[in-house]
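This report concerns only the one structure given below.
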Amino acid sequence: MSLADENADENPYLREPPTDFEPLEELTEEDAREQIELLREAIREHDRRYYVENDPVIADRTYDALFARLQDLEEAFDLAHPDSPTRRVGGDPIEAFETVEHVAPMLSIEGSGEADDVREFDERVRREVGEVEYVCEPKFDGVSMEFVYEDGSLERAVTRGDGHEGDDVTPNARTIGSVPGRLHGDHPDFLAVRGEVYMPKDAFQAHNRERVERGEDPFANPRNATAGTIRQLDPAVVADRPLEVFFFDVLEASDLEDSHRGELERFPAWGLRVNERVEVVDGVDEAIDYRDRLLEERDDLDYEIDGVVIKVDDRSARKELGRTARHDRWAFAYKFPARSEVTRIADVAVQVGRTGRVTPVALLEPVDVGGVTVSRASLHNPEEIAAKNVDVGDTVRVKRAGDVIPYVEEVIEKGSEGHYELPESCPVCDSQIERDGPMAFCTGGLACDAQRRRSIEYYAGDDGLDLEGLGEKSVRQLVDAGLVETVADLYGLEREELVELEGWGETSATNLLAEIEDSREPPLADFLSALGIPQVGPATARELAAEFGTVEAVRETALEEPERLEAVDDVGETVARTIHDFFASEANAAVVDDVLECVSPRETDRAGGDELEGLTFVFTGSLSGMTRAEAQETVEAHGGSATGSVSGNTDYLVVGENPGTRKREDAAEYDVETLEEDEFRALLEREGVAVGVD
């Protein structure tokens, strides 16, 4: 009989909870304490019924009401507790993880994909300890962790680390619904168990879909998603992601069973979730059969496994077999072959690019392609989907173009989940999606979050104003933290805000702010390119700058006489129409106006001469006698090229103060000559170029 049956009379929240509660202001603190304890007890039991028994006794809406009531009570009467189920919603951000030693070593498992190696393991075991029974269980492809309970309360949760010590991630573990904050029933006074935290496959695909539609890169596989989540410094982020856990071993306990199966049988009564595929077998042949059966069922499971684990059941035999420095000698992993090239399309999401282009992306069941785990593949455009007859649920062959970009080569077997249709509205901003030949575009412009974030990345990138320290990851951090919504917000960043972000310090914050400050008077060509106008890259931007001289002139011409744009090299009818459409968008116009409140683009003087013709320069760091923009303008005014990234065509890398590492590493790789600022000035003087700024 469960707690819900035994205590239904004493605890009104176990069977048929009330749907209305008395107002908080009518409760005394003693009343609140009593209600809180009853709610915690009931919610823990409902969690056990849901996660462990798969047999809930109340509706989700009722559970949510109980949970919300508990939160309200704890907040109103300041009665929060680390063991409370409400800790699952996350707590205060963590400054850093503490490294702690495990109660017992968490060693790796010796393994192989060959049946002969499994038989050798069995022969050694029987030779050393005689006949044994084995417990077989799935080998989960997640994150292994130690969970320590003292007096039934979760004391700490620690990542495996090096097997002897790991990171204390207890605040994050408390947010996982299937991790009990307190044990149930007649539990040991002390218990250290090993569990595998994972992200269910369905939830993984849904989470990846959300990431793709937000313009973020999806996780490669559920294991990477789990590992990246469990080590987040903000427990609220962990609480928002769909993690689960299976418990599968006792590391240490004040009350040990004689057998592994005996331990697992007691886990559910304590609230510890056990995998339903665990089996006890008589010998190695049955263990091999178990693995083969699980291999056939692998794709039907809602969690990733990469093999099975075969464990000696008897604890005394385990002790006799012992361990090596790296692994326990009483367990063996019989691995599955890697999935290769052929996989199933689990879902199709759409990714919105900087220009609004909508690209369908196949979300795949992770597959090995040339030694790389692939979880997504481009479907390019709606016409390609139709041509290849690709649908959700299809089994497909995946290739990597140039060994880099994954794409769906062909459909091997049709699924039964229906025909895929491109959505009519953008999943990010809900603006209409319009077709333009084979392509599709979101019409939201810079009002679309995805386009806006990518516009910030482009503005700061090599083809924009080349703001080192503002890559894709940094921009995402700033956007997610609410510090930046548009390009103009970059110019309002403050050092105190930056240093609070994970991975930032005083130096990186200072360097970035200096880069941003130096970009307030960019060359007009660089600014036009940085705006990210579709089909207007650095070369076209230079021609526009030379022809029109100011941003206002370019914009006015585009809006009132767009046909005049066609007189510019590299600008034909299509590009002219694109430039007109960009400036005609109200959302784009608002962003451009906001940026122009912060920057003053300078016209590039093309009449300087050709002294530097044929030479290509790249700049990194801050220059003391001139801004980097002025240095680039000087180079271009005298016939040279100033680009944002080092390549085999680069002649010189000019290094200022606090330079970035990437460009210097690239210069070393391509054997590009490096100049300090004084050496750059000397080169200009030798070529007869007046520096202009002292």
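Identifiers in the structure tokens: chain A, B, ... in order shown; residue index from 1 per chain; ligand index from 1 in order shown.
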
List every residue of region 173-235 of chain A that DSSP, applied to the backbone of this structure, places in helix (DSSP H, G or I), and write the result as a short mmCIF file (atom, residue, chain, number, x, y, z; two decimals) with N, CA and C atoms, in the first residue's frame.
```
data_model
loop_
_atom_site.label_atom_id
_atom_site.label_comp_id
_atom_site.auth_asym_id
_atom_site.auth_seq_id
_atom_site.Cartn_x
_atom_site.Cartn_y
_atom_site.Cartn_z
N ALA A 173 20.91 19.79 -9.50
CA ALA A 173 20.28 18.48 -9.38
C ALA A 173 18.91 18.58 -8.71
N LYS A 201 14.78 11.58 -25.55
CA LYS A 201 14.96 11.90 -26.96
C LYS A 201 13.87 12.84 -27.48
N ASP A 202 12.63 12.59 -27.12
CA ASP A 202 11.55 13.46 -27.58
C ASP A 202 11.76 14.89 -27.07
N ALA A 203 12.13 15.00 -25.79
CA ALA A 203 12.35 16.32 -25.21
C ALA A 203 13.58 16.99 -25.83
N PHE A 204 14.59 16.19 -26.15
CA PHE A 204 15.80 16.71 -26.80
C PHE A 204 15.46 17.32 -28.15
N GLN A 205 14.66 16.61 -28.95
CA GLN A 205 14.31 17.13 -30.26
C GLN A 205 13.48 18.41 -30.12
N ALA A 206 12.55 18.42 -29.15
CA ALA A 206 11.74 19.62 -28.94
C ALA A 206 12.61 20.79 -28.50
N HIS A 207 13.58 20.52 -27.61
CA HIS A 207 14.48 21.58 -27.14
C HIS A 207 15.36 22.07 -28.28
N ASN A 208 15.87 21.15 -29.11
CA ASN A 208 16.68 21.56 -30.25
C ASN A 208 15.88 22.38 -31.25
N ARG A 209 14.62 22.00 -31.42
CA ARG A 209 13.77 22.77 -32.33
C ARG A 209 13.65 24.22 -31.85
N GLU A 210 13.44 24.39 -30.54
CA GLU A 210 13.35 25.74 -29.99
C GLU A 210 14.65 26.51 -30.21
N ARG A 211 15.79 25.83 -30.02
CA ARG A 211 17.08 26.50 -30.20
C ARG A 211 17.26 26.93 -31.65
N VAL A 212 16.94 26.05 -32.59
CA VAL A 212 17.09 26.38 -34.01
C VAL A 212 16.21 27.56 -34.36
N GLU A 213 14.97 27.55 -33.88
CA GLU A 213 14.04 28.62 -34.22
C GLU A 213 14.41 29.94 -33.55
N PRO A 222 21.78 14.15 -27.26
CA PRO A 222 21.23 14.33 -25.91
C PRO A 222 22.30 14.38 -24.82
N ARG A 223 23.38 13.63 -24.99
CA ARG A 223 24.42 13.64 -23.96
C ARG A 223 25.07 15.03 -23.84
N ASN A 224 25.39 15.64 -24.99
CA ASN A 224 25.97 16.98 -24.95
C ASN A 224 24.99 17.98 -24.33
N ALA A 225 23.71 17.81 -24.67
CA ALA A 225 22.70 18.70 -24.10
C ALA A 225 22.65 18.56 -22.59
N THR A 226 22.73 17.32 -22.11
CA THR A 226 22.68 17.06 -20.68
C THR A 226 23.92 17.61 -19.97
N ALA A 227 25.09 17.32 -20.53
CA ALA A 227 26.34 17.78 -19.92
C ALA A 227 26.39 19.31 -19.87
N GLY A 228 25.96 19.96 -20.96
CA GLY A 228 25.97 21.42 -20.98
C GLY A 228 24.97 22.03 -20.01
N THR A 229 23.87 21.30 -19.77
CA THR A 229 22.85 21.81 -18.87
C THR A 229 23.24 21.65 -17.41
N ILE A 230 23.73 20.47 -17.04
CA ILE A 230 23.98 20.18 -15.63
C ILE A 230 25.09 21.06 -15.07
N PRO A 235 20.76 27.77 -11.81
CA PRO A 235 19.84 26.64 -11.66
C PRO A 235 18.50 26.86 -12.36
#
```

Mind listing the strand (DSSP E or B) residues of region 338-418 of chain A, per DSSP on the backbone, as a PyMOL selection string?
chain A and resi 340+342-352+357-369+372-378+395-401+405-413

Store the residues of this selection in a file with N, CA and C atoms, as a short mmCIF file (atom, residue, chain, number, x, y, z; two decimals), in the first residue's frame.
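Okay, this is what ended up in again17.cif:
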```cif
data_model
loop_
_atom_site.label_atom_id
_atom_site.label_comp_id
_atom_site.auth_asym_id
_atom_site.auth_seq_id
_atom_site.Cartn_x
_atom_site.Cartn_y
_atom_site.Cartn_z
N SER A 340 25.60 4.82 -38.42
CA SER A 340 26.44 5.40 -39.45
C SER A 340 25.63 5.83 -40.67
N VAL A 342 22.99 6.47 -42.03
CA VAL A 342 21.55 6.31 -42.22
C VAL A 342 20.84 6.55 -40.89
N THR A 343 19.87 7.45 -40.89
CA THR A 343 19.16 7.78 -39.65
C THR A 343 17.74 8.23 -39.99
N ARG A 344 17.02 8.66 -38.96
CA ARG A 344 15.61 9.05 -39.12
C ARG A 344 15.46 10.54 -38.85
N ILE A 345 14.59 11.18 -39.63
CA ILE A 345 14.26 12.59 -39.38
C ILE A 345 13.20 12.63 -38.29
N ALA A 346 13.58 13.15 -37.13
CA ALA A 346 12.65 13.21 -36.00
C ALA A 346 11.73 14.42 -36.09
N ASP A 347 12.21 15.49 -36.72
CA ASP A 347 11.41 16.71 -36.81
C ASP A 347 12.06 17.62 -37.85
N VAL A 348 11.33 18.64 -38.26
CA VAL A 348 11.88 19.66 -39.15
C VAL A 348 11.58 21.02 -38.52
N ALA A 349 12.63 21.80 -38.32
CA ALA A 349 12.48 23.15 -37.80
C ALA A 349 12.89 24.13 -38.89
N VAL A 350 12.62 25.40 -38.68
CA VAL A 350 13.09 26.40 -39.64
C VAL A 350 13.99 27.38 -38.91
N GLN A 351 15.09 27.72 -39.56
CA GLN A 351 16.06 28.65 -39.00
C GLN A 351 16.00 29.95 -39.79
N VAL A 352 15.94 31.06 -39.08
CA VAL A 352 15.84 32.37 -39.71
C VAL A 352 17.20 33.04 -39.68
N ARG A 357 16.17 35.00 -44.52
CA ARG A 357 16.00 33.75 -45.26
C ARG A 357 15.62 32.63 -44.30
N VAL A 358 14.60 31.89 -44.66
CA VAL A 358 14.10 30.79 -43.84
C VAL A 358 14.64 29.48 -44.41
N THR A 359 15.43 28.78 -43.60
CA THR A 359 16.03 27.52 -44.04
C THR A 359 15.45 26.37 -43.25
N PRO A 360 14.81 25.40 -43.92
CA PRO A 360 14.35 24.20 -43.20
C PRO A 360 15.54 23.37 -42.74
N VAL A 361 15.47 22.90 -41.51
CA VAL A 361 16.55 22.11 -40.92
C VAL A 361 15.98 20.79 -40.42
N ALA A 362 16.54 19.69 -40.90
CA ALA A 362 16.11 18.36 -40.43
C ALA A 362 16.77 18.08 -39.09
N LEU A 363 15.96 17.79 -38.07
CA LEU A 363 16.48 17.38 -36.77
C LEU A 363 16.52 15.86 -36.76
N LEU A 364 17.72 15.32 -36.65
CA LEU A 364 17.95 13.89 -36.85
C LEU A 364 18.13 13.15 -35.54
N GLU A 365 17.83 11.89 -35.55
CA GLU A 365 18.32 11.04 -34.48
C GLU A 365 19.83 10.96 -34.68
N PRO A 366 20.63 11.33 -33.66
CA PRO A 366 22.07 11.50 -33.84
C PRO A 366 22.72 10.31 -34.54
N VAL A 367 23.59 10.63 -35.49
CA VAL A 367 24.22 9.61 -36.32
C VAL A 367 25.68 9.98 -36.55
N ASP A 368 26.52 8.96 -36.68
CA ASP A 368 27.95 9.18 -36.94
C ASP A 368 28.16 9.33 -38.44
N VAL A 369 28.73 10.46 -38.85
CA VAL A 369 29.05 10.70 -40.26
C VAL A 369 30.51 11.11 -40.34
N VAL A 372 32.01 12.18 -36.97
CA VAL A 372 31.39 13.32 -36.30
C VAL A 372 29.93 13.00 -36.02
N THR A 373 29.47 13.28 -34.80
CA THR A 373 28.06 13.08 -34.47
C THR A 373 27.24 14.21 -35.06
N VAL A 374 26.26 13.85 -35.87
CA VAL A 374 25.41 14.82 -36.56
C VAL A 374 23.99 14.69 -36.04
N SER A 375 23.38 15.82 -35.67
CA SER A 375 22.00 15.81 -35.18
C SER A 375 21.09 16.70 -36.01
N ARG A 376 21.64 17.38 -37.00
CA ARG A 376 20.81 18.20 -37.88
C ARG A 376 21.44 18.21 -39.27
N ALA A 377 20.62 18.48 -40.26
CA ALA A 377 21.11 18.58 -41.63
C ALA A 377 20.26 19.59 -42.36
N SER A 378 20.88 20.41 -43.17
CA SER A 378 20.15 21.42 -43.92
C SER A 378 19.31 20.76 -45.00
N THR A 395 13.41 7.68 -43.13
CA THR A 395 14.79 7.22 -42.94
C THR A 395 15.61 7.72 -44.10
N VAL A 396 16.71 8.41 -43.79
CA VAL A 396 17.48 9.11 -44.83
C VAL A 396 18.96 8.80 -44.70
N ARG A 397 19.66 9.05 -45.80
CA ARG A 397 21.12 8.97 -45.80
C ARG A 397 21.67 10.39 -45.69
N VAL A 398 22.60 10.57 -44.75
CA VAL A 398 23.16 11.90 -44.49
C VAL A 398 24.61 11.93 -44.94
N LYS A 399 24.98 12.99 -45.62
CA LYS A 399 26.36 13.21 -46.04
C LYS A 399 26.83 14.55 -45.49
N ARG A 400 28.15 14.80 -45.63
CA ARG A 400 28.70 16.09 -45.22
C ARG A 400 29.38 16.72 -46.41
N ALA A 401 28.85 17.87 -46.86
CA ALA A 401 29.42 18.56 -48.02
C ALA A 401 30.80 19.07 -47.67
N ILE A 405 29.52 20.52 -43.91
CA ILE A 405 28.10 20.83 -43.72
C ILE A 405 27.25 19.59 -43.97
N PRO A 406 26.51 19.11 -42.98
CA PRO A 406 25.66 17.94 -43.19
C PRO A 406 24.44 18.28 -44.05
N TYR A 407 24.06 17.35 -44.93
CA TYR A 407 22.85 17.53 -45.73
C TYR A 407 22.23 16.17 -45.98
N VAL A 408 20.93 16.16 -46.27
CA VAL A 408 20.21 14.92 -46.57
C VAL A 408 20.44 14.59 -48.04
N GLU A 409 21.09 13.44 -48.27
CA GLU A 409 21.39 13.05 -49.65
C GLU A 409 20.18 12.40 -50.32
N GLU A 410 19.52 11.47 -49.61
CA GLU A 410 18.40 10.77 -50.22
C GLU A 410 17.52 10.15 -49.14
N VAL A 411 16.30 9.86 -49.52
CA VAL A 411 15.37 9.15 -48.65
C VAL A 411 15.52 7.66 -48.90
N ILE A 412 15.76 6.90 -47.82
CA ILE A 412 15.92 5.45 -47.92
C ILE A 412 14.58 4.75 -47.75
N GLU A 413 13.80 5.24 -46.81
CA GLU A 413 12.50 4.62 -46.54
C GLU A 413 11.53 5.69 -46.05
#
```

Considering only C-alpha atoms, return as a ChimeraX atom specification whatever protein or nucleic-acid residues lie within 7 Å of region 335-338 of chain A, sequence-local ones (same chain, fewer than 2 positions apart) excluded.
/A:111-113,295,306-308,333,340,368

Surrounding residues of Glu297 (chain A) excluding itself and chain neighbours under 5 positions, 12 Å, only C-alpha atoms, as an mmCIF file with N, CA and C atoms, in the first residue's frame:
```cif
data_model
loop_
_atom_site.group_PDB
_atom_site.id
_atom_site.type_symbol
_atom_site.label_atom_id
_atom_site.label_comp_id
_atom_site.auth_asym_id
_atom_site.auth_seq_id
_atom_site.Cartn_x
_atom_site.Cartn_y
_atom_site.Cartn_z
ATOM 1 N N PRO A 138 20.647 -1.376 -19.426
ATOM 2 C CA PRO A 138 21.091 -0.511 -20.528
ATOM 3 C C PRO A 138 22.287 0.333 -20.108
ATOM 4 N N ARG A 277 14.121 -1.880 -17.947
ATOM 5 C CA ARG A 277 14.728 -2.905 -18.791
ATOM 6 C C ARG A 277 15.795 -3.726 -18.070
ATOM 7 N N TYR A 290 20.437 -10.682 -24.293
ATOM 8 C CA TYR A 290 19.848 -9.445 -23.768
ATOM 9 C C TYR A 290 20.349 -8.248 -24.569
ATOM 10 N N ARG A 291 21.633 -8.211 -24.826
ATOM 11 C CA ARG A 291 22.209 -7.110 -25.599
ATOM 12 C C ARG A 291 21.634 -7.073 -27.001
ATOM 13 N N ASP A 292 21.514 -8.231 -27.650
ATOM 14 C CA ASP A 292 21.009 -8.262 -29.016
ATOM 15 C C ASP A 292 19.555 -7.801 -29.077
ATOM 16 N N ASP A 302 13.015 5.988 -25.471
ATOM 17 C CA ASP A 302 13.012 7.443 -25.409
ATOM 18 C C ASP A 302 14.254 7.985 -24.705
ATOM 19 N N TYR A 303 15.301 7.197 -24.673
ATOM 20 C CA TYR A 303 16.583 7.637 -24.111
ATOM 21 C C TYR A 303 17.686 6.954 -24.901
ATOM 22 N N GLU A 304 18.824 7.643 -24.982
ATOM 23 C CA GLU A 304 19.943 7.110 -25.760
ATOM 24 C C GLU A 304 20.721 6.079 -24.942
ATOM 25 N N ILE A 305 21.018 4.945 -25.567
ATOM 26 C CA ILE A 305 21.914 3.957 -24.971
ATOM 27 C C ILE A 305 22.938 3.573 -26.029
ATOM 28 N N ASP A 306 24.132 3.235 -25.594
ATOM 29 C CA ASP A 306 25.164 2.841 -26.549
ATOM 30 C C ASP A 306 25.694 1.445 -26.271
ATOM 31 N N GLY A 307 24.905 0.656 -25.549
ATOM 32 C CA GLY A 307 25.285 -0.716 -25.250
ATOM 33 C C GLY A 307 24.548 -1.201 -24.020
ATOM 34 N N PHE A 336 27.203 -1.228 -28.477
ATOM 35 C CA PHE A 336 26.532 -1.281 -29.767
ATOM 36 C C PHE A 336 27.452 -0.696 -30.842
#
```

Which residues are close to Glu75 (chain A), i.e. within 12 Å by only C-alpha atoms, leaving aside same-chain residues fewer than 3 positions away? Reply as a PyMOL selection string.
chain A and resi 24+32-33+36+68-72+78-81+86

From the list A:Glu34, A:Val551, A:Asp581, A:Gln632, which residue is nearest Phe77 (chain A) when using only C-alpha atoms?
A:Glu34

Per residue of region 192-240 of chain A within 10 Å of region 470-477 of chain A, what are the shortest atom pair and its distance in Å to one decimal, counting only C-alpha atoms, with rows by chain and residue number, as a tab-separated table?
```
residue	atom	partner	partner_atom	distance
A:Gly215	CA	A:Arg476	CA	9.6
A:Glu216	CA	A:Arg476	CA	8.3
A:Asp217	CA	A:Glu472	CA	10.0
```

Which residues are near region 47-49 of chain A? Cut-off 9 Å, only C-alpha atoms, ignore same chain within fewer than 5 positions. Put them as a compact mmCIF listing (two decimals) with N, CA and C atoms, in the first residue's frame.
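Just written: selection_37.txt:
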```
# COMPACT_ATOMS: atom_id res chain seq x y z
N ALA A 42 2.95 15.49 0.41
CA ALA A 42 2.08 15.06 -0.68
C ALA A 42 2.78 15.21 -2.03
N ASN A 54 5.10 5.57 -12.51
CA ASN A 54 4.32 5.88 -13.71
C ASN A 54 2.83 5.68 -13.47
N ASP A 55 2.36 6.07 -12.30
CA ASP A 55 0.97 5.83 -11.91
C ASP A 55 0.46 7.02 -11.09
N PRO A 56 0.33 8.21 -11.72
CA PRO A 56 -0.14 9.37 -10.96
C PRO A 56 -1.58 9.20 -10.50
N VAL A 57 -1.89 9.79 -9.35
CA VAL A 57 -3.25 9.66 -8.81
C VAL A 57 -4.00 10.98 -8.85
N GLY A 177 13.08 16.79 -11.70
CA GLY A 177 11.90 16.24 -11.06
C GLY A 177 12.07 14.84 -10.52
N SER A 178 12.85 13.99 -11.20
CA SER A 178 13.01 12.60 -10.78
C SER A 178 14.13 12.41 -9.77
N PRO A 180 14.71 12.84 -6.00
CA PRO A 180 13.98 13.18 -4.77
C PRO A 180 14.84 14.02 -3.84
N HIS A 184 11.95 8.23 0.50
CA HIS A 184 10.71 7.72 1.07
C HIS A 184 11.00 6.45 1.88
N PRO A 268 12.75 1.80 -5.76
CA PRO A 268 11.46 2.49 -5.98
C PRO A 268 10.76 2.88 -4.69
N ALA A 269 10.86 2.04 -3.65
CA ALA A 269 10.21 2.37 -2.38
C ALA A 269 10.85 3.61 -1.74
N TRP A 270 12.11 3.88 -2.07
CA TRP A 270 12.78 5.07 -1.54
C TRP A 270 12.55 6.30 -2.42
N GLY A 271 11.91 6.10 -3.58
CA GLY A 271 11.68 7.20 -4.51
C GLY A 271 12.74 7.33 -5.57
N LEU A 272 13.60 6.31 -5.70
CA LEU A 272 14.68 6.33 -6.69
C LEU A 272 14.23 5.58 -7.95
N ARG A 273 14.26 6.24 -9.06
CA ARG A 273 13.74 5.71 -10.32
C ARG A 273 14.72 4.70 -10.92
```

Determine, counting only C-alpha atoms, which protein, DNA and RNA residues have an atom within 8 Å of an atom of Glu613 (chain A); residues of the same chain fewer than 5 positions away are not included. Present the result as an MDAnalysis selection string.
chainID A and resid 638:641

Limited to N, CA and C atoms, could you put the picked residues into a file as a compact mmCIF listing (two decimals), in the first residue's frame?
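After the write, result-v6.txt holds the following:
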```txt
# COMPACT_ATOMS: atom_id res chain seq x y z
N HIS A 638 44.54 54.85 -49.94
CA HIS A 638 45.78 54.81 -50.74
C HIS A 638 45.91 53.50 -51.50
N GLY A 639 44.76 52.93 -51.82
CA GLY A 639 44.75 51.80 -52.75
C GLY A 639 44.86 50.43 -52.14
N GLY A 640 45.10 50.35 -50.83
CA GLY A 640 45.22 49.04 -50.19
C GLY A 640 43.87 48.49 -49.78
N SER A 641 43.90 47.29 -49.21
CA SER A 641 42.69 46.65 -48.71
C SER A 641 42.83 46.42 -47.21
```

CA of Ile58 (chain A) and CA of Leu39 (chain A), how far apart in Å?
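These atoms are spaced 13.7 Å apart.
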
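Comparing the minimum interatomic distances between Gly152 (chain A) and each of A:Arg124, A:His187, A:Arg174, A:Arg454, counting only C-alpha atoms, we find that A:His187 sits nearest.
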
From the options A:Ile533, A:Val599, A:Ala567, A:Leu321, which residue's atoms come nearest to Leu490 (chain A), counting only C-alpha atoms?
A:Val599

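Compared by their closest atoms to Asp282 (chain A), and using only C-alpha atoms, the residues A:Cys136, A:Glu384, A:Thr486, A:Gly161 rank with A:Cys136 nearest.
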
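Atom to atom, CA of Asp116 (chain A) and CA of Asn275 (chain A) stand 27.0 Å apart.
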